[in-house]
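Undergrad: A single structure is presented below for examination.
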Amino acid sequence: MFDSYTENTLQYNEERCINCGMCSAVCPHGVFTPGDTAAVLAAPSSCMECGACALNCPVQAIGVESGVGCAWAMISAALRGKDMDSGTCGCGGAAGSCCGSDTKEPSCCDKKENDFGKQKNDEDILVSPPV
Amino acid sequence: MTNPQNKEKSSCCSCAGGGNASASCCSIPADTETAIPKATSTITRENRLDHIRARVGINRMGHRVEPGLYRLGRPDVDSPVFASANYTLSFDALRSALAGVDCYILVLDTNGINVWCAAGKGTFGTDELVHRIESTGLAAIVRHRKIILPQLGAPGVSWPDVMRRTHFKVVYGPVRAVDLPEFLRTGTATPSMRRVEFPLRDRLVLTPVEFVHVALPALAAAVILYFLAGYGASLAAVAAVLAGTVLFPALLPFIPTHDFSTKGLILGGIVAVPFAASFATVPLLPFWANTAAALVALLLIPSVTAYLALNFTGCTTFASRSGVKKEIFRYVPVMAVMAGSGIILAILLGISRLFGVI
Ligand code: SF4
Ligand code: SF4
């Protein structure tokens with residue numbers, strides 16, 4: 001009831017995983033952990049949709065509609081009659097400082113989707129990620 | 001970690017090619033070396049003042065480092081290369097953590113924004129990294145093809161793309177720069193180095209900027225309320241804003257429930273109680289007026305605190321966009337109804353006072 005964060009847009013196709021370990025390395029919340037034959041989706045509800053795993057998975061085994069959860073940006077975009085995900089981010093993160101408004105860049109809450117689901121050409125798949 | 005003697009050892013190499021460099025890179029030519037600006041690991045008083053100014057939001061977008069390649073210590077062709085954002089806090093955290101390490105630092109142009117936010121924006125991203133690797137001629141300066149990025153830069157960078165375009169391998173270092181010496185020693189980041197935490201200190205450093213954001217409207221509301229309803233109401237406005245911007249970040253993990261809005265409502269409710277109690281016991285007022293005044297505090301303070309608490313989602317590293325959206329649809333209407341009812345009640349009380357009813 002008082003937890004809006006139980007569901008998110010993270011999808012994982014275990015069959016495609018080549019067990020490179022990259023998702024476990026880049027995830028700051030331990031959502032993925034290394035497994036024997038494939039990455040294990042250990043704590044899916046901890047995902048904050050940063051998109052790091054999807055962007056760095058060499059075989060597109062992960063999909064997520066990424067964006068930064070910033071209420072201020074979403075509300076102000078909605079008030080301006082724009083899409084809620086098009087707002088300009090006003091605050092910071094782990095580095096502990098606000099990133100400020102920046103007129104040159106549209107938003108730090110931009111939707112970024114990878115091409116999850118599309119099979120890439122073999123030569124596009126690099127199988128030894130530098131973890 | 002490299003040591004100056006490596007220069008001797010590297011004087012007869014055959015370069016590991018790749019990239020777009022015409023690299024005959026046995027040692028760094030003197031002119032190349034001097035052309036690369038030097039950074040130090042020392043954080044000066046001026047740097048610390050800059051950090052304070054950044055923390056309180058003074059000259060918000062002005063805390064920048066010139067993008068490009070820097071050398072720290074006496075790096076050679078085998079020295080590690082680290083990437084950072086051109087935000088002084090990010091760059092200074094990195095260079096101070098690398099005290100005693102001979103290395104290069106590649107500063108990306110993130111418009112003066114920290115690594116995490118810039119990665120979310122894509123300015124700390126694949127294209128900018130590729131551009132900086134190419135424009136600085138990094139492939140001709142080092143003979144390895146490895147660049148160490150902060151882990152929190154990963155949401156903006158695709159290692160396979162960087163690899164394809166530059167032949168440089170991206171290695172993600174730990175979340176915190178302070179763990180870099182151990183990472184360099186062991187060559188690996190432990191699971192705890194890979195996890196982002198949000199300890200009290202990190203939450204507290206955010207509070208000045210949070211407060212500065214709303215200080216002006218809060219001050220205006222306090223002054224107006226002072227003239228309309230007295231110092232109690234004025235103090236209540238300040239308390240609501242302080243609760244949302246300072247107390248809330250400090251107490252975040254200790255307030256029950258998971259949602260920021262409900263946490264804010266709980267905290268605001270607690271802060272409202274003493275004000276409600278004092279408004280409910282104003283002498284010479286009829287019972288209904290005392291009750292209404294107490295209700296104003298119980299409706300307005302929690303809704304203001306909850307709204308500010310909800311806005312704090314953007315400062316954390318664990319609020320997902322889906323979750324924040326859900327929170328907005330669930331609780332903003334509740335906050336709006338509470339605030340609206342509180343304002344209507346306050347106006348009714350004001351009118352009653354104006355017409356001598358109370
Ligand atoms: S999107 Fe971010 S938080 Fe979610 S699983 Fe991927 S790396 Fe972890
Ligand atoms: S990054 Fe992709 S391929 Fe590598 S372990 Fe994770 S899911 Fe598997």
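Naming works like this for the structure tokens: A, B, ... for the chains as they're shown, residue 1 at the start of each chain, ligands 1 onward in shown order.
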Give me, as a list in words, all polymer residues having an atom no more than 6 Å from segment 112-116 of chain B, counting only C-alpha atoms and skipping those fewer than 4 positions away in the same chain.

TA: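 Neighbouring residues, sequence-local ones excluded: Cys99 of chain A; Met61, His63, Arg64, Ala85, Asn86, Tyr87, Ser90, Leu152 and Gly153 of chain B.
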
Undergrad: Just need the residues of chain B within 7 Å of chain A, counting only C-alpha atoms, so spit them out as a PyMOL selection string.

TA: chain B and resi 55+60-61+113-114+116-117+120-121+151+154-155+157-160+169-172+194-196+202+205-206+257-259+262+310-311+313-324+326-327

Undergrad: Would you list, as an NGL selection string, the residues of segment 171-338 of chain B that end up in helix (DSSP H, G or I) under DSSP run on this structure's backbone?

TA: :B and (177-186 or 191-194 or 200-229 or 231-254 or 260-280 or 287-315 or 321-338)

Undergrad: Please write out the residues within 6 Å of ligand 2 as number ranges by chain, counting only C-alpha atoms and all ligand atoms.

TA: A: 17-23, 38-39, 57-59, 61-62

Undergrad: Atom CA of Thr305 of chain B and atom CA of Glu197 of chain B are how many Å apart?

TA: 24.0 Å

Undergrad: Apply DSSP to the backbone of this structure and, from segment 83-256 of chain B, keep only the residues in strand (DSSP E); write these as number ranges by chain.

TA: B: 83-85, 103-108, 146-149, 169-172

Undergrad: Any chance you could export the current selection's N, CA and C atoms as a PDB file, in the first residue's frame?

TA:
ATOM      1  N   ALA B  83      38.459   8.327 -16.108  1.00  0.00           N
ATOM      2  CA  ALA B  83      37.580   9.347 -16.691  1.00  0.00           C
ATOM      3  C   ALA B  83      36.764  10.000 -15.588  1.00  0.00           C
ATOM      4  N   SER B  84      36.462  11.277 -15.781  1.00  0.00           N
ATOM      5  CA  SER B  84      35.645  11.982 -14.799  1.00  0.00           C
ATOM      6  C   SER B  84      34.783  13.018 -15.509  1.00  0.00           C
ATOM      7  N   ALA B  85      33.884  13.612 -14.737  1.00  0.00           N
ATOM      8  CA  ALA B  85      33.039  14.684 -15.266  1.00  0.00           C
ATOM      9  C   ALA B  85      33.747  16.019 -15.044  1.00  0.00           C
ATOM     10  N   CYS B 103      49.066   8.795 -13.131  1.00  0.00           N
ATOM     11  CA  CYS B 103      47.990   8.393 -14.040  1.00  0.00           C
ATOM     12  C   CYS B 103      47.532   9.569 -14.898  1.00  0.00           C
ATOM     13  N   TYR B 104      46.609   9.278 -15.789  1.00  0.00           N
ATOM     14  CA  TYR B 104      45.960  10.315 -16.588  1.00  0.00           C
ATOM     15  C   TYR B 104      44.501  10.413 -16.167  1.00  0.00           C
ATOM     16  N   ILE B 105      43.983  11.624 -16.252  1.00  0.00           N
ATOM     17  CA  ILE B 105      42.551  11.802 -16.004  1.00  0.00           C
ATOM     18  C   ILE B 105      41.937  12.444 -17.245  1.00  0.00           C
ATOM     19  N   LEU B 106      40.976  11.756 -17.811  1.00  0.00           N
ATOM     20  CA  LEU B 106      40.282  12.271 -18.992  1.00  0.00           C
ATOM     21  C   LEU B 106      38.981  12.918 -18.508  1.00  0.00           C
ATOM     22  N   VAL B 107      38.913  14.239 -18.637  1.00  0.00           N
ATOM     23  CA  VAL B 107      37.730  14.954 -18.147  1.00  0.00           C
ATOM     24  C   VAL B 107      36.746  15.153 -19.297  1.00  0.00           C
ATOM     25  N   LEU B 108      35.562  14.597 -19.118  1.00  0.00           N
ATOM     26  CA  LEU B 108      34.515  14.726 -20.142  1.00  0.00           C
ATOM     27  C   LEU B 108      33.735  16.015 -19.924  1.00  0.00           C
ATOM     28  N   LYS B 146      42.848   0.787 -22.215  1.00  0.00           N
ATOM     29  CA  LYS B 146      41.929   0.558 -21.091  1.00  0.00           C
ATOM     30  C   LYS B 146      41.628   1.902 -20.431  1.00  0.00           C
ATOM     31  N   ILE B 147      40.391   2.145 -20.132  1.00  0.00           N
ATOM     32  CA  ILE B 147      40.037   3.394 -19.464  1.00  0.00           C
ATOM     33  C   ILE B 147      39.082   3.077 -18.312  1.00  0.00           C
ATOM     34  N   ILE B 148      39.413   3.611 -17.149  1.00  0.00           N
ATOM     35  CA  ILE B 148      38.634   3.287 -15.944  1.00  0.00           C
ATOM     36  C   ILE B 148      37.590   4.374 -15.710  1.00  0.00           C
ATOM     37  N   LEU B 149      36.336   3.966 -15.706  1.00  0.00           N
ATOM     38  CA  LEU B 149      35.237   4.913 -15.517  1.00  0.00           C
ATOM     39  C   LEU B 149      34.620   4.715 -14.140  1.00  0.00           C
ATOM     40  N   LYS B 169      38.988  -0.394 -24.007  1.00  0.00           N
ATOM     41  CA  LYS B 169      38.103  -1.147 -23.113  1.00  0.00           C
ATOM     42  C   LYS B 169      37.660  -0.237 -21.992  1.00  0.00           C
ATOM     43  N   VAL B 170      36.388  -0.283 -21.689  1.00  0.00           N
ATOM     44  CA  VAL B 170      35.892   0.461 -20.542  1.00  0.00           C
ATOM     45  C   VAL B 170      35.890  -0.478 -19.343  1.00  0.00           C
ATOM     46  N   VAL B 171      36.532  -0.041 -18.276  1.00  0.00           N
ATOM     47  CA  VAL B 171      36.494  -0.806 -17.028  1.00  0.00           C
ATOM     48  C   VAL B 171      35.782   0.056 -16.005  1.00  0.00           C
ATOM     49  N   TYR B 172      34.762  -0.503 -15.399  1.00  0.00           N
ATOM     50  CA  TYR B 172      34.043   0.279 -14.395  1.00  0.00           C
ATOM     51  C   TYR B 172      34.693   0.098 -13.034  1.00  0.00           C
TER      52      TYR B 172
END

Undergrad: Near Ala237 of chain B, counting only C-alpha atoms, which residues have an atom at most 10 Å away, once you skip same-chain residues fewer than 5 positions from it, shown as a PyMOL selection string?

TA: chain B and resi 218-223+225-226+231-232+242-243+297+300-301+304-305

Undergrad: Let me see the file: selected residues, N, CA, C and O atoms, as a PDB file, in the first residue's frame.

TA:
ATOM      1  N   ALA B 218       9.457  30.449   0.938  1.00  0.00           N
ATOM      2  CA  ALA B 218       9.175  30.183   2.359  1.00  0.00           C
ATOM      3  C   ALA B 218       9.241  31.479   3.160  1.00  0.00           C
ATOM      4  O   ALA B 218       8.385  31.739   4.033  1.00  0.00           O
ATOM      5  N   LEU B 219      10.228  32.305   2.856  1.00  0.00           N
ATOM      6  CA  LEU B 219      10.387  33.575   3.562  1.00  0.00           C
ATOM      7  C   LEU B 219       9.182  34.486   3.287  1.00  0.00           C
ATOM      8  O   LEU B 219       8.621  35.105   4.195  1.00  0.00           O
ATOM      9  N   ALA B 220       8.787  34.525   2.012  1.00  0.00           N
ATOM     10  CA  ALA B 220       7.636  35.363   1.635  1.00  0.00           C
ATOM     11  C   ALA B 220       6.385  34.902   2.372  1.00  0.00           C
ATOM     12  O   ALA B 220       5.642  35.727   2.940  1.00  0.00           O
ATOM     13  N   ALA B 221       6.175  33.567   2.405  1.00  0.00           N
ATOM     14  CA  ALA B 221       4.988  33.037   3.095  1.00  0.00           C
ATOM     15  C   ALA B 221       5.050  33.374   4.581  1.00  0.00           C
ATOM     16  O   ALA B 221       4.027  33.753   5.188  1.00  0.00           O
ATOM     17  N   ALA B 222       6.239  33.262   5.181  1.00  0.00           N
ATOM     18  CA  ALA B 222       6.380  33.538   6.620  1.00  0.00           C
ATOM     19  C   ALA B 222       6.059  34.993   6.923  1.00  0.00           C
ATOM     20  O   ALA B 222       5.362  35.301   7.909  1.00  0.00           O
ATOM     21  N   VAL B 223       6.535  35.905   6.067  1.00  0.00           N
ATOM     22  CA  VAL B 223       6.277  37.335   6.302  1.00  0.00           C
ATOM     23  C   VAL B 223       4.783  37.632   6.164  1.00  0.00           C
ATOM     24  O   VAL B 223       4.166  38.286   7.016  1.00  0.00           O
ATOM     25  N   LEU B 225       2.255  35.572   6.444  1.00  0.00           N
ATOM     26  CA  LEU B 225       1.504  34.943   7.540  1.00  0.00           C
ATOM     27  C   LEU B 225       1.694  35.695   8.846  1.00  0.00           C
ATOM     28  O   LEU B 225       0.779  35.765   9.679  1.00  0.00           O
ATOM     29  N   TYR B 226       2.861  36.285   9.029  1.00  0.00           N
ATOM     30  CA  TYR B 226       3.115  37.046  10.259  1.00  0.00           C
ATOM     31  C   TYR B 226       2.118  38.204  10.368  1.00  0.00           C
ATOM     32  O   TYR B 226       1.528  38.433  11.417  1.00  0.00           O
ATOM     33  N   TYR B 231       2.813  35.506  14.683  1.00  0.00           N
ATOM     34  CA  TYR B 231       4.105  34.813  14.554  1.00  0.00           C
ATOM     35  C   TYR B 231       3.983  33.292  14.606  1.00  0.00           C
ATOM     36  O   TYR B 231       4.809  32.565  14.068  1.00  0.00           O
ATOM     37  N   GLY B 232       2.926  32.782  15.239  1.00  0.00           N
ATOM     38  CA  GLY B 232       2.723  31.319  15.315  1.00  0.00           C
ATOM     39  C   GLY B 232       2.568  30.729  13.931  1.00  0.00           C
ATOM     40  O   GLY B 232       3.204  29.721  13.582  1.00  0.00           O
ATOM     41  N   LEU B 242      11.393  23.599   6.737  1.00  0.00           N
ATOM     42  CA  LEU B 242      12.589  22.982   7.324  1.00  0.00           C
ATOM     43  C   LEU B 242      12.399  21.475   7.474  1.00  0.00           C
ATOM     44  O   LEU B 242      13.326  20.691   7.259  1.00  0.00           O
ATOM     45  N   ALA B 243      11.187  21.071   7.841  1.00  0.00           N
ATOM     46  CA  ALA B 243      10.912  19.640   7.993  1.00  0.00           C
ATOM     47  C   ALA B 243      11.099  18.927   6.656  1.00  0.00           C
ATOM     48  O   ALA B 243      11.697  17.846   6.583  1.00  0.00           O
ATOM     49  N   ALA B 297      -3.395  23.859  10.717  1.00  0.00           N
ATOM     50  CA  ALA B 297      -2.013  23.375  10.909  1.00  0.00           C
ATOM     51  C   ALA B 297      -1.893  21.917  10.496  1.00  0.00           C
ATOM     52  O   ALA B 297      -0.933  21.520   9.819  1.00  0.00           O
ATOM     53  N   LEU B 300      -2.208  21.821   6.507  1.00  0.00           N
ATOM     54  CA  LEU B 300      -1.215  22.508   5.671  1.00  0.00           C
ATOM     55  C   LEU B 300       0.223  22.016   5.879  1.00  0.00           C
ATOM     56  O   LEU B 300       0.954  21.789   4.913  1.00  0.00           O
ATOM     57  N   ILE B 301       0.624  21.875   7.143  1.00  0.00           N
ATOM     58  CA  ILE B 301       2.036  21.512   7.386  1.00  0.00           C
ATOM     59  C   ILE B 301       2.377  20.152   6.767  1.00  0.00           C
ATOM     60  O   ILE B 301       3.356  20.033   6.019  1.00  0.00           O
ATOM     61  N   VAL B 304       2.644  20.392   2.873  1.00  0.00           N
ATOM     62  CA  VAL B 304       3.855  21.080   2.400  1.00  0.00           C
ATOM     63  C   VAL B 304       5.075  20.175   2.583  1.00  0.00           C
ATOM     64  O   VAL B 304       5.890  19.991   1.672  1.00  0.00           O
ATOM     65  N   THR B 305       5.185  19.580   3.771  1.00  0.00           N
ATOM     66  CA  THR B 305       6.339  18.703   4.042  1.00  0.00           C
ATOM     67  C   THR B 305       6.340  17.508   3.087  1.00  0.00           C
ATOM     68  O   THR B 305       7.393  17.124   2.560  1.00  0.00           O
TER      69      THR B 305
END

Undergrad: Which residue is closest to Phe312 of chain B? Choose from B:Ile270, B:Ala215, B:Val209, B:Ala289 and count only C-alpha atoms.

TA: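 Among the listed residues, the smallest separation from Phe312 of chain B belongs to B:Val209.
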
Undergrad: Near segment 44-46 of chain B, within 12 Å and counting only C-alpha atoms, which residues show up once chain neighbours fewer than 4 positions away are dropped, as a list in words?

TA: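 Neighbouring residues, sequence-local ones excluded: Thr40, Asp50, His51, Ile52, Arg53, Thr88, Asp92 and Ser96 of chain B.
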
Undergrad: Using only C-alpha atoms, please write the residues we just selected to a file, as a PDB file, in the first residue's frame.

TA:
ATOM      1  CA  THR B  40      47.618  17.605  -8.421  1.00  0.00           C
ATOM      2  CA  ASP B  50      34.412  26.111  -4.226  1.00  0.00           C
ATOM      3  CA  HIS B  51      32.959  22.880  -2.781  1.00  0.00           C
ATOM      4  CA  ILE B  52      31.034  24.846  -0.162  1.00  0.00           C
ATOM      5  CA  ARG B  53      29.699  27.223  -2.796  1.00  0.00           C
ATOM      6  CA  THR B  88      34.765  20.285  -9.697  1.00  0.00           C
ATOM      7  CA  ASP B  92      38.413  16.801  -7.046  1.00  0.00           C
ATOM      8  CA  SER B  96      42.411  13.508  -4.244  1.00  0.00           C
TER       9      SER B  96
END
